[in-house]
$ cat coords26.cif   # mmCIF, C-alpha atoms
data_coords
#
loop_
_atom_site.label_atom_id
_atom_site.label_comp_id
_atom_site.auth_asym_id
_atom_site.auth_seq_id
_atom_site.Cartn_x
_atom_site.Cartn_y
_atom_site.Cartn_z
CA SER A 288 -8.09 19.26 20.58
CA GLU A 289 -5.33 21.83 21.16
CA ILE A 290 -2.68 19.24 20.30
CA HIS A 291 -4.43 18.45 17.00
CA LEU A 292 -4.56 22.14 16.12
CA GLU A 293 -0.84 22.64 16.81
CA SER A 294 0.40 19.48 15.04
CA PRO A 295 1.00 19.39 11.25
CA HIS A 296 -2.28 18.84 9.41
CA VAL A 297 -2.10 15.69 7.31
CA LYS A 298 -5.20 15.35 5.14
CA ALA A 299 -4.15 12.47 2.91
CA ILE A 300 -1.38 9.90 2.52
CA LEU A 301 -0.52 7.63 -0.39
CA LEU A 302 0.63 4.02 0.04
CA TYR A 303 2.09 2.59 -3.14
CA GLY A 304 3.88 -0.59 -4.08
CA PRO A 305 3.46 -3.95 -5.83
CA PRO A 306 0.39 -6.14 -5.32
CA SER A 307 0.25 -8.03 -2.00
CA SER A 308 2.82 -5.71 -0.39
CA GLY A 309 0.58 -4.95 2.61
CA LYS A 310 -0.97 -1.63 1.58
CA THR A 311 -4.53 -2.56 2.54
CA MET A 312 -3.35 -4.17 5.78
CA LEU A 313 -1.48 -0.98 6.72
CA SER A 314 -4.58 1.08 5.95
CA ARG A 315 -6.66 -1.05 8.29
CA CYS A 316 -3.91 -1.00 10.93
CA ILE A 317 -4.00 2.81 10.94
CA SER A 318 -7.74 2.66 11.54
CA SER A 319 -7.35 0.04 14.28
CA GLU A 320 -4.53 1.84 16.12
CA CYS A 321 -6.42 5.16 16.05
CA ALA A 322 -9.75 3.54 16.97
CA ALA A 323 -11.10 5.25 13.86
CA THR A 324 -14.20 4.57 11.77
CA PHE A 325 -13.22 2.96 8.46
CA PHE A 326 -14.93 4.07 5.24
CA ASP A 327 -14.21 2.29 1.94
CA LEU A 328 -14.66 4.76 -0.91
CA SER A 329 -12.87 2.62 -3.51
CA PRO A 330 -14.12 2.86 -7.12
CA LYS A 331 -15.24 -0.78 -7.13
CA ASN A 332 -17.74 0.07 -4.36
CA ILE A 333 -19.06 3.21 -6.03
CA LEU A 334 -19.01 2.84 -9.79
CA GLY A 335 -22.05 1.30 -11.44
CA LYS A 336 -24.20 2.09 -8.42
CA TYR A 337 -24.19 5.89 -8.38
CA ASP A 338 -23.02 6.83 -11.88
CA GLY A 339 -26.36 7.78 -13.38
CA SER A 340 -27.48 4.38 -14.62
CA SER A 341 -30.79 4.85 -12.80
CA ASN A 342 -33.47 7.50 -13.31
CA ASN A 343 -32.05 9.55 -10.45
CA GLY A 344 -29.13 10.81 -12.53
CA ASN A 345 -25.49 10.95 -11.44
CA GLN A 346 -25.39 10.33 -7.68
CA THR A 347 -21.59 10.13 -7.39
CA PRO A 348 -21.16 13.72 -6.03
CA PHE A 349 -23.84 13.10 -3.42
CA MET A 350 -22.27 9.78 -2.39
CA VAL A 351 -18.76 11.24 -2.01
CA ARG A 352 -20.05 14.29 -0.12
CA THR A 353 -22.12 12.08 2.19
CA VAL A 354 -19.16 9.84 3.06
CA PHE A 355 -16.99 12.83 4.00
CA THR A 356 -19.82 14.42 5.99
CA VAL A 357 -20.48 11.23 7.98
CA ALA A 358 -16.73 10.73 8.46
CA LYS A 359 -16.49 14.17 10.08
CA ASP A 360 -19.45 13.40 12.34
CA MET A 361 -17.91 10.07 13.41
CA GLN A 362 -14.30 11.25 13.69
CA PRO A 363 -11.64 10.06 14.03
CA SER A 364 -12.20 8.48 10.62
CA ILE A 365 -10.21 6.85 7.85
CA ILE A 366 -11.46 7.15 4.26
CA TYR A 367 -9.81 4.36 2.30
CA ILE A 368 -9.56 4.58 -1.51
CA ASP A 369 -8.07 1.59 -3.30
CA GLU A 370 -6.71 1.97 -6.85
CA ILE A 371 -6.63 5.73 -6.36
CA ASP A 372 -4.51 6.04 -9.51
CA LYS A 373 -7.69 5.31 -11.48
CA VAL A 374 -9.48 8.13 -9.66
CA LEU A 375 -6.71 10.74 -9.83
CA GLY A 376 -5.27 9.60 -13.14
CA LYS A 377 -4.38 11.76 -16.10
CA LYS A 378 -7.24 12.97 -18.28
CA LYS A 379 -8.19 10.78 -21.19
CA LYS A 380 -7.95 12.28 -24.66
CA LYS A 381 -10.58 10.10 -26.28
CA LYS A 382 -14.23 11.04 -26.65
CA GLY A 383 -16.06 11.37 -23.37
CA GLY A 384 -12.81 11.54 -21.37
CA ASN A 385 -13.26 11.00 -17.64
CA ASN A 386 -17.02 11.56 -17.87
CA GLU A 387 -17.75 8.18 -19.41
CA PRO A 388 -20.10 6.01 -17.30
CA GLY A 389 -18.16 3.50 -15.21
CA ASN A 390 -14.92 5.51 -15.38
CA PRO A 391 -13.35 6.06 -11.92
CA GLY A 392 -12.14 9.46 -13.14
CA ARG A 393 -15.68 10.74 -12.66
CA MET A 394 -15.00 10.83 -8.91
CA LYS A 395 -11.86 12.94 -9.25
CA ASN A 396 -13.23 16.48 -8.94
CA TYR A 397 -15.52 15.58 -6.05
CA ILE A 398 -12.81 13.81 -4.02
CA VAL A 399 -10.25 16.57 -4.65
CA LYS A 400 -12.77 19.17 -3.50
CA GLU A 401 -13.63 17.28 -0.31
CA ILE A 402 -9.96 16.70 0.59
CA ASN A 403 -9.17 20.38 0.10
CA ASN A 404 -12.12 21.30 2.34
CA LEU A 405 -10.74 19.32 5.31
CA LYS A 406 -9.73 21.68 8.11
CA PRO A 407 -7.15 21.21 10.91
CA GLY A 408 -9.93 20.46 13.40
CA ASP A 409 -11.27 17.59 11.25
CA ARG A 410 -9.75 14.31 12.39
CA VAL A 411 -10.31 12.67 9.01
CA LEU A 412 -7.50 11.01 7.05
CA VAL A 413 -7.76 9.90 3.44
CA VAL A 414 -5.58 6.85 2.72
CA GLY A 415 -5.04 6.11 -0.95
CA ASN A 416 -3.55 2.86 -2.23
CA SER A 417 -1.94 2.41 -5.62
CA ARG A 418 0.07 -0.16 -7.52
CA ASN A 419 0.56 2.29 -10.44
CA PRO A 420 1.53 5.61 -8.80
CA GLY A 421 3.04 6.88 -12.04
CA ASP A 422 -0.46 7.12 -13.51
CA ILE A 423 -1.51 9.76 -10.96
CA GLU A 424 -1.62 13.29 -12.33
CA GLY A 425 1.19 15.54 -11.09
CA LYS A 426 -1.17 18.12 -9.58
CA SER A 427 -3.08 15.42 -7.73
CA LEU A 428 0.08 14.14 -6.04
CA LYS A 429 0.22 17.44 -4.14
CA LEU A 430 -2.93 16.37 -2.29
CA PHE A 431 -0.84 13.88 -0.28
CA GLN A 432 1.28 15.16 2.58
CA LYS A 433 2.96 11.77 2.94
CA ILE A 434 3.82 9.30 0.17
CA ILE A 435 4.96 5.92 1.48
CA TYR A 436 6.64 3.19 -0.55
CA CYS A 437 5.66 -0.36 0.51
CA THR A 438 8.67 -2.28 -0.74
CA ARG A 439 9.47 -5.95 -1.22
CA PRO A 440 10.68 -7.47 2.06
CA ASP A 441 14.45 -7.89 2.48
CA TYR A 442 16.11 -11.11 3.65
CA GLY A 443 15.69 -10.39 7.37
CA SER A 444 12.04 -9.46 6.93
CA ARG A 445 11.31 -12.59 4.88
CA LEU A 446 12.98 -14.73 7.53
CA GLU A 447 10.75 -13.23 10.22
CA ILE A 448 7.60 -13.51 8.05
CA TRP A 449 8.18 -17.23 7.49
CA ARG A 450 8.89 -17.85 11.19
CA LYS A 451 5.92 -15.88 12.51
CA LEU A 452 3.29 -17.09 10.04
CA VAL A 453 4.30 -20.75 10.09
CA ASN A 454 4.36 -20.79 13.90
CA ALA A 455 0.96 -19.08 13.96
CA THR A 456 -0.67 -21.84 11.90
CA SER A 457 0.96 -24.94 13.36
CA SER A 458 3.09 -26.20 16.20
CA LYS A 459 6.32 -24.31 16.79
CA LEU A 460 9.16 -25.02 14.39
CA PRO A 461 12.33 -26.60 15.78
CA ASN A 462 15.27 -24.24 16.32
CA ASP A 463 17.28 -25.92 13.55
CA TYR A 464 14.50 -25.64 10.93
CA ASP A 465 15.88 -24.41 7.60
CA LEU A 466 14.12 -21.04 7.43
CA ALA A 467 17.13 -19.53 5.67
CA THR A 468 16.42 -21.61 2.56
CA LEU A 469 12.79 -20.44 2.50
CA ALA A 470 13.90 -16.82 2.89
CA HIS A 471 16.32 -17.19 -0.03
CA MET A 472 13.76 -19.01 -2.21
CA SER A 473 11.20 -16.25 -1.70
CA ASP A 474 13.59 -13.45 -2.71
CA GLY A 475 11.64 -10.94 -4.82
CA TYR A 476 8.20 -12.04 -3.60
CA ALA A 477 5.86 -9.67 -1.81
CA SER A 478 4.95 -10.34 1.82
CA GLY A 479 1.34 -11.13 0.87
CA SER A 480 2.53 -13.77 -1.61
CA ILE A 481 4.54 -15.49 1.13
CA ALA A 482 1.46 -15.43 3.38
CA ASN A 483 -0.62 -17.02 0.58
CA VAL A 484 1.98 -19.77 0.10
CA ILE A 485 1.89 -20.63 3.81
CA LYS A 486 -1.92 -20.62 3.79
CA ALA A 487 -2.06 -22.92 0.75
CA THR A 488 0.50 -25.33 2.19
CA LEU A 489 -0.53 -25.52 5.84
CA THR A 490 -4.17 -26.48 5.46
CA LYS A 491 -6.21 -27.59 8.46
CA ARG A 492 -5.67 -31.26 7.56
CA ARG A 493 -1.89 -30.77 7.13
CA VAL A 494 -1.59 -28.99 10.49
CA GLU A 495 -3.32 -31.92 12.23
CA ARG A 496 -0.59 -34.27 10.92
CA VAL A 497 2.37 -32.10 11.96
CA GLU A 498 3.13 -34.11 15.13
CA TRP A 499 3.92 -37.38 13.31
CA HIS A 500 4.74 -35.84 9.89
CA PRO A 501 6.95 -32.74 10.34
CA ILE A 502 6.81 -29.90 7.83
CA THR A 503 9.53 -29.95 5.17
CA VAL A 504 10.89 -27.08 3.08
CA ASN A 505 9.97 -28.89 -0.15
CA GLU A 506 6.25 -28.62 0.65
CA PHE A 507 6.36 -24.83 0.12
CA ILE A 508 7.98 -24.98 -3.33
CA PRO A 509 4.94 -25.91 -5.56
CA PRO A 510 2.61 -23.12 -4.32
CA LEU A 511 5.50 -20.62 -4.41
CA ALA A 512 6.29 -21.56 -8.02
CA LYS A 513 2.71 -20.78 -9.06
CA LEU A 514 3.01 -17.13 -7.98
CA ASN A 515 4.87 -14.38 -9.79
CA PRO A 516 7.56 -12.41 -7.94
CA VAL A 517 7.94 -8.65 -8.19
CA TYR A 518 10.25 -8.51 -11.18
CA GLU A 519 13.27 -6.24 -11.10
CA VAL A 520 11.91 -4.14 -13.97
CA VAL A 521 8.81 -3.36 -11.92
CA ASN A 522 10.87 -2.70 -8.81
CA GLU A 523 13.09 -0.24 -10.72
CA ALA A 524 9.98 1.60 -11.96
CA TYR A 525 8.86 2.08 -8.35
CA LYS A 526 12.32 3.33 -7.39
CA LYS A 527 12.32 5.77 -10.30
CA PHE A 528 8.97 7.15 -9.18
CA THR A 529 10.26 7.47 -5.60
CA PHE A 530 13.41 9.33 -6.65
CA GLY A 531 11.24 11.70 -8.69
CA LEU A 532 9.38 12.83 -5.57
CA PRO A 533 10.47 15.84 -3.49
CA ALA A 534 12.71 14.74 -0.59
CA THR A 535 10.23 16.08 1.95
CA MET A 536 7.51 13.74 0.63
CA ARG A 537 9.53 10.54 0.84
CA LYS A 538 8.70 8.52 3.92
CA ARG A 539 11.13 5.72 3.13
CA ALA A 540 14.74 6.74 2.51
CA MET A 541 16.22 4.87 -0.42
CA GLU A 542 19.63 3.20 -0.20
CA ASP A 543 21.28 5.72 -2.56
CA ASP A 544 20.08 8.61 -0.40
CA MET A 545 21.51 7.00 2.72
CA ALA A 546 24.81 5.91 1.14
CA PRO A 547 27.90 7.32 2.89
CA LYS A 548 29.98 9.83 0.97
CA SER A 549 33.14 8.37 -0.53
CA ASP A 550 36.62 9.76 0.09
CA GLY A 551 36.74 10.84 -3.53
CA ASP A 552 33.78 13.16 -3.01
CA ASP A 553 35.43 14.73 0.03
CA LYS A 554 38.67 15.35 -1.90
CA LYS A 555 36.76 17.05 -4.71
CA LYS A 556 35.11 19.39 -2.20
CA LYS A 557 38.49 20.24 -0.66
CA LYS A 558 39.93 21.06 -4.09
CA LYS A 559 37.02 23.37 -4.83
CA LYS A 560 37.55 25.15 -1.52
CA GLY A 561 41.24 25.52 -2.27
#
$ encode --input "coords26.cif" --output "structure tokens"
Amino acid sequence: SEIHLESPHVKAILLYGPPSSGKTMLSRCISSECAATFFDLSPKNILGKYDGSSNNGNQTPFMVRTVFTVAKDMQPSIIYIDEIDKVLGKKKKKKGGNNEPGNPGRMKNYIVKEINNLKPGDRVLVVGNSRNPGDIEGKSLKLFQKIIYCTRPDYGSRLEIWRKLVNATSSKLPNDYDLATLAHMSDGYASGSIANVIKATLTKRRVERVEWHPITVNEFIPPLAKLNPVYEVVNEAYKKFTFGLPATMRKRAMEDDMAPKSDGDDKKKKKKKG
């Protein structure tokens, strides 16, 4: 308990990135590694059930408060909120605003209040996931002590994803199997999309025939072609959002931040000194 009191208090973190980039998996991994109780407070689980459609009135505040209370009693706990951009989004200008029935924005004030009420002794972490982080209100971003960008996998990561997942579903691939072609073909695709392609291709029946009918690269092309990659326009929008964050909030260092200084920059500095 003394260690927890001395360490930096992290109440909430934000995982953002394109669909199927592993945000939900990372959220569950945090819970698993910490042996924490997992609570799913996503809007899809709350809205329509506690928004006042019954005779009991609006039960959303009670539901949110109850989840946080139980999470403290069963700590360590993870409170997972998917599509948190819909909860902490900017206020709507139209009639009714965020108070319309079925609008995730109705949860905003209650969740913000409960996060702010978390104390250093409370081993409760709120993990928010978002594919549209730019929709989150500026003030609400300050709730998160860590903001983590779940990027598209690079070539080396894609190579390892193909090797690991294919070997996990069938007999081991030969050493000379053309994984490089698969890694190049899947450039721009999220890790979850690659996993879905492998799952669609290596069905139970296909795995049973691997011994006398080896897997070919061409088998993965049709299911891969049916999925959309993370287009460069979308990727640039994520980068723009990341560069707009304070440096202390960035968990992943971008390439431009890590780029070595050129000789030209050093010469300019020397001239200024002179």
$ closest_residue --input "coords26.cif" --among "A:Lys298, A:Gly531, A:Ile368, A:Asp463" --to "Pro407 (chain A)" --atoms "only C-alpha atoms"
A:Lys298
$ residues_near_point --input "coords26.cif" --point "(14.0, -29.3, 12.7)" --cutoff "9 Å" --atoms "all atoms listed in the file" --output "MDAnalysis selection string"
chainID A and resid 460:465 501:503
$ resolve_selection --input "coords26.cif" --expression "the PyMOL selection byres ((chain A and resi 487) around 12)" --output "VMD selection string"
chain A and resid 453 456 480 to 486 488 to 494 506 to 511 513 to 514
$ write_last_selection --input "coords26.cif" --atoms "C-alpha atoms" --output "PDB file, in the frame of the given file"
ATOM      1  CA  VAL A 453       4.300 -20.750  10.090  1.00  0.00           C
ATOM      2  CA  THR A 456      -0.670 -21.840  11.900  1.00  0.00           C
ATOM      3  CA  SER A 480       2.530 -13.770  -1.610  1.00  0.00           C
ATOM      4  CA  ILE A 481       4.540 -15.490   1.130  1.00  0.00           C
ATOM      5  CA  ALA A 482       1.460 -15.430   3.380  1.00  0.00           C
ATOM      6  CA  ASN A 483      -0.620 -17.020   0.580  1.00  0.00           C
ATOM      7  CA  VAL A 484       1.980 -19.770   0.100  1.00  0.00           C
ATOM      8  CA  ILE A 485       1.890 -20.630   3.810  1.00  0.00           C
ATOM      9  CA  LYS A 486      -1.920 -20.620   3.790  1.00  0.00           C
ATOM     10  CA  THR A 488       0.500 -25.330   2.190  1.00  0.00           C
ATOM     11  CA  LEU A 489      -0.530 -25.520   5.840  1.00  0.00           C
ATOM     12  CA  THR A 490      -4.170 -26.480   5.460  1.00  0.00           C
ATOM     13  CA  LYS A 491      -6.210 -27.590   8.460  1.00  0.00           C
ATOM     14  CA  ARG A 492      -5.670 -31.260   7.560  1.00  0.00           C
ATOM     15  CA  ARG A 493      -1.890 -30.770   7.130  1.00  0.00           C
ATOM     16  CA  VAL A 494      -1.590 -28.990  10.490  1.00  0.00           C
ATOM     17  CA  GLU A 506       6.250 -28.620   0.650  1.00  0.00           C
ATOM     18  CA  PHE A 507       6.360 -24.830   0.120  1.00  0.00           C
ATOM     19  CA  ILE A 508       7.980 -24.980  -3.330  1.00  0.00           C
ATOM     20  CA  PRO A 509       4.940 -25.910  -5.560  1.00  0.00           C
ATOM     21  CA  PRO A 510       2.610 -23.120  -4.320  1.00  0.00           C
ATOM     22  CA  LEU A 511       5.500 -20.620  -4.410  1.00  0.00           C
ATOM     23  CA  LYS A 513       2.710 -20.780  -9.060  1.00  0.00           C
ATOM     24  CA  LEU A 514       3.010 -17.130  -7.980  1.00  0.00           C
TER      25      LEU A 514
END
$ residues_near_point --input "coords26.cif" --point "(3.6, -4.7, 3.6)" --cutoff "7 Å" --atoms "all atoms listed in the file" --output "ChimeraX atom specification"
/A:308-310,437,478
$ atom_distance --input "coords26.cif" --atom1 "CA of Met350 (chain A)" --atom2 "CA of Asn396 (chain A)"
13.0 Å
$ residues_around --input "coords26.cif" --residues "Arg445 (chain A)" --least-positions-apart "3" --cutoff "9 Å" --atoms "only C-alpha atoms" --output "list in words"
Pro440, Asp441, Tyr442, Ile448, Trp449, Arg450, Leu469, Ala470, His471, Ser473, Asp474, Ser478 and Ile481 of chain A
$ write_last_selection --input "coords26.cif" --atoms "C-alpha atoms" --output "compact mmCIF listing (two decimals), in the frame of the given file"
# COMPACT_ATOMS: atom_id res chain seq x y z
CA PRO A 440 10.68 -7.47 2.06
CA ASP A 441 14.45 -7.89 2.48
CA TYR A 442 16.11 -11.11 3.65
CA ILE A 448 7.60 -13.51 8.05
CA TRP A 449 8.18 -17.23 7.49
CA ARG A 450 8.89 -17.85 11.19
CA LEU A 469 12.79 -20.44 2.50
CA ALA A 470 13.90 -16.82 2.89
CA HIS A 471 16.32 -17.19 -0.03
CA SER A 473 11.20 -16.25 -1.70
CA ASP A 474 13.59 -13.45 -2.71
CA SER A 478 4.95 -10.34 1.82
CA ILE A 481 4.54 -15.49 1.13
$ atom_distance --input "coords26.cif" --atom1 "CA of Pro516 (chain A)" --atom2 "CA of Arg418 (chain A)"
14.4 Å
$ resolve_selection --input "coords26.cif" --expression "the PyMOL selection byres ((chain A and resi 399-404) around 10)" --output "NGL selection string"
:A and (298-299 or 351-352 or 354-356 or 374-375 or 394-398 or 405-407 or 409 or 411-413 or 427 or 430-431)
$ atom_distance --input "coords26.cif" --atom1 "CA of Ser329 (chain A)" --atom2 "CA of His296 (chain A)"
23.3 Å
$ resolve_selection --input "coords26.cif" --expression "the PyMOL selection byres ((chain A and resi 330) around 8)" --output "list in words"
Leu328, Ser329, Lys331, Asn332, Ile333, Leu334, Ile368, Asp369, Glu370, Val374 and Pro391 of chain A
$ closest_residue --input "coords26.cif" --among "A:Lys527, A:Arg393, A:Lys451, A:Arg439" --to "Gly421 (chain A)" --atoms "all atoms listed in the file"
A:Lys527
$ residues_around --input "coords26.cif" --residues "Phe528 (chain A)" --least-positions-apart "2" --cutoff "12 Å" --atoms "all atoms listed in the file" --output "ChimeraX atom specification"
/A:303-304,418-423,425,428,434-436,521-526,530-533,536-537,541
$ closest_residue --input "coords26.cif" --among "A:Ala358, A:Val297, A:Val414, A:Ile371" --to "Cys316 (chain A)" --atoms "only C-alpha atoms"
A:Val414
$ closest_residue --input "coords26.cif" --among "A:Pro306, A:Gly376, A:Gly408, A:Pro348" --to "Thr438 (chain A)" --atoms "all atoms listed in the file"
A:Pro306
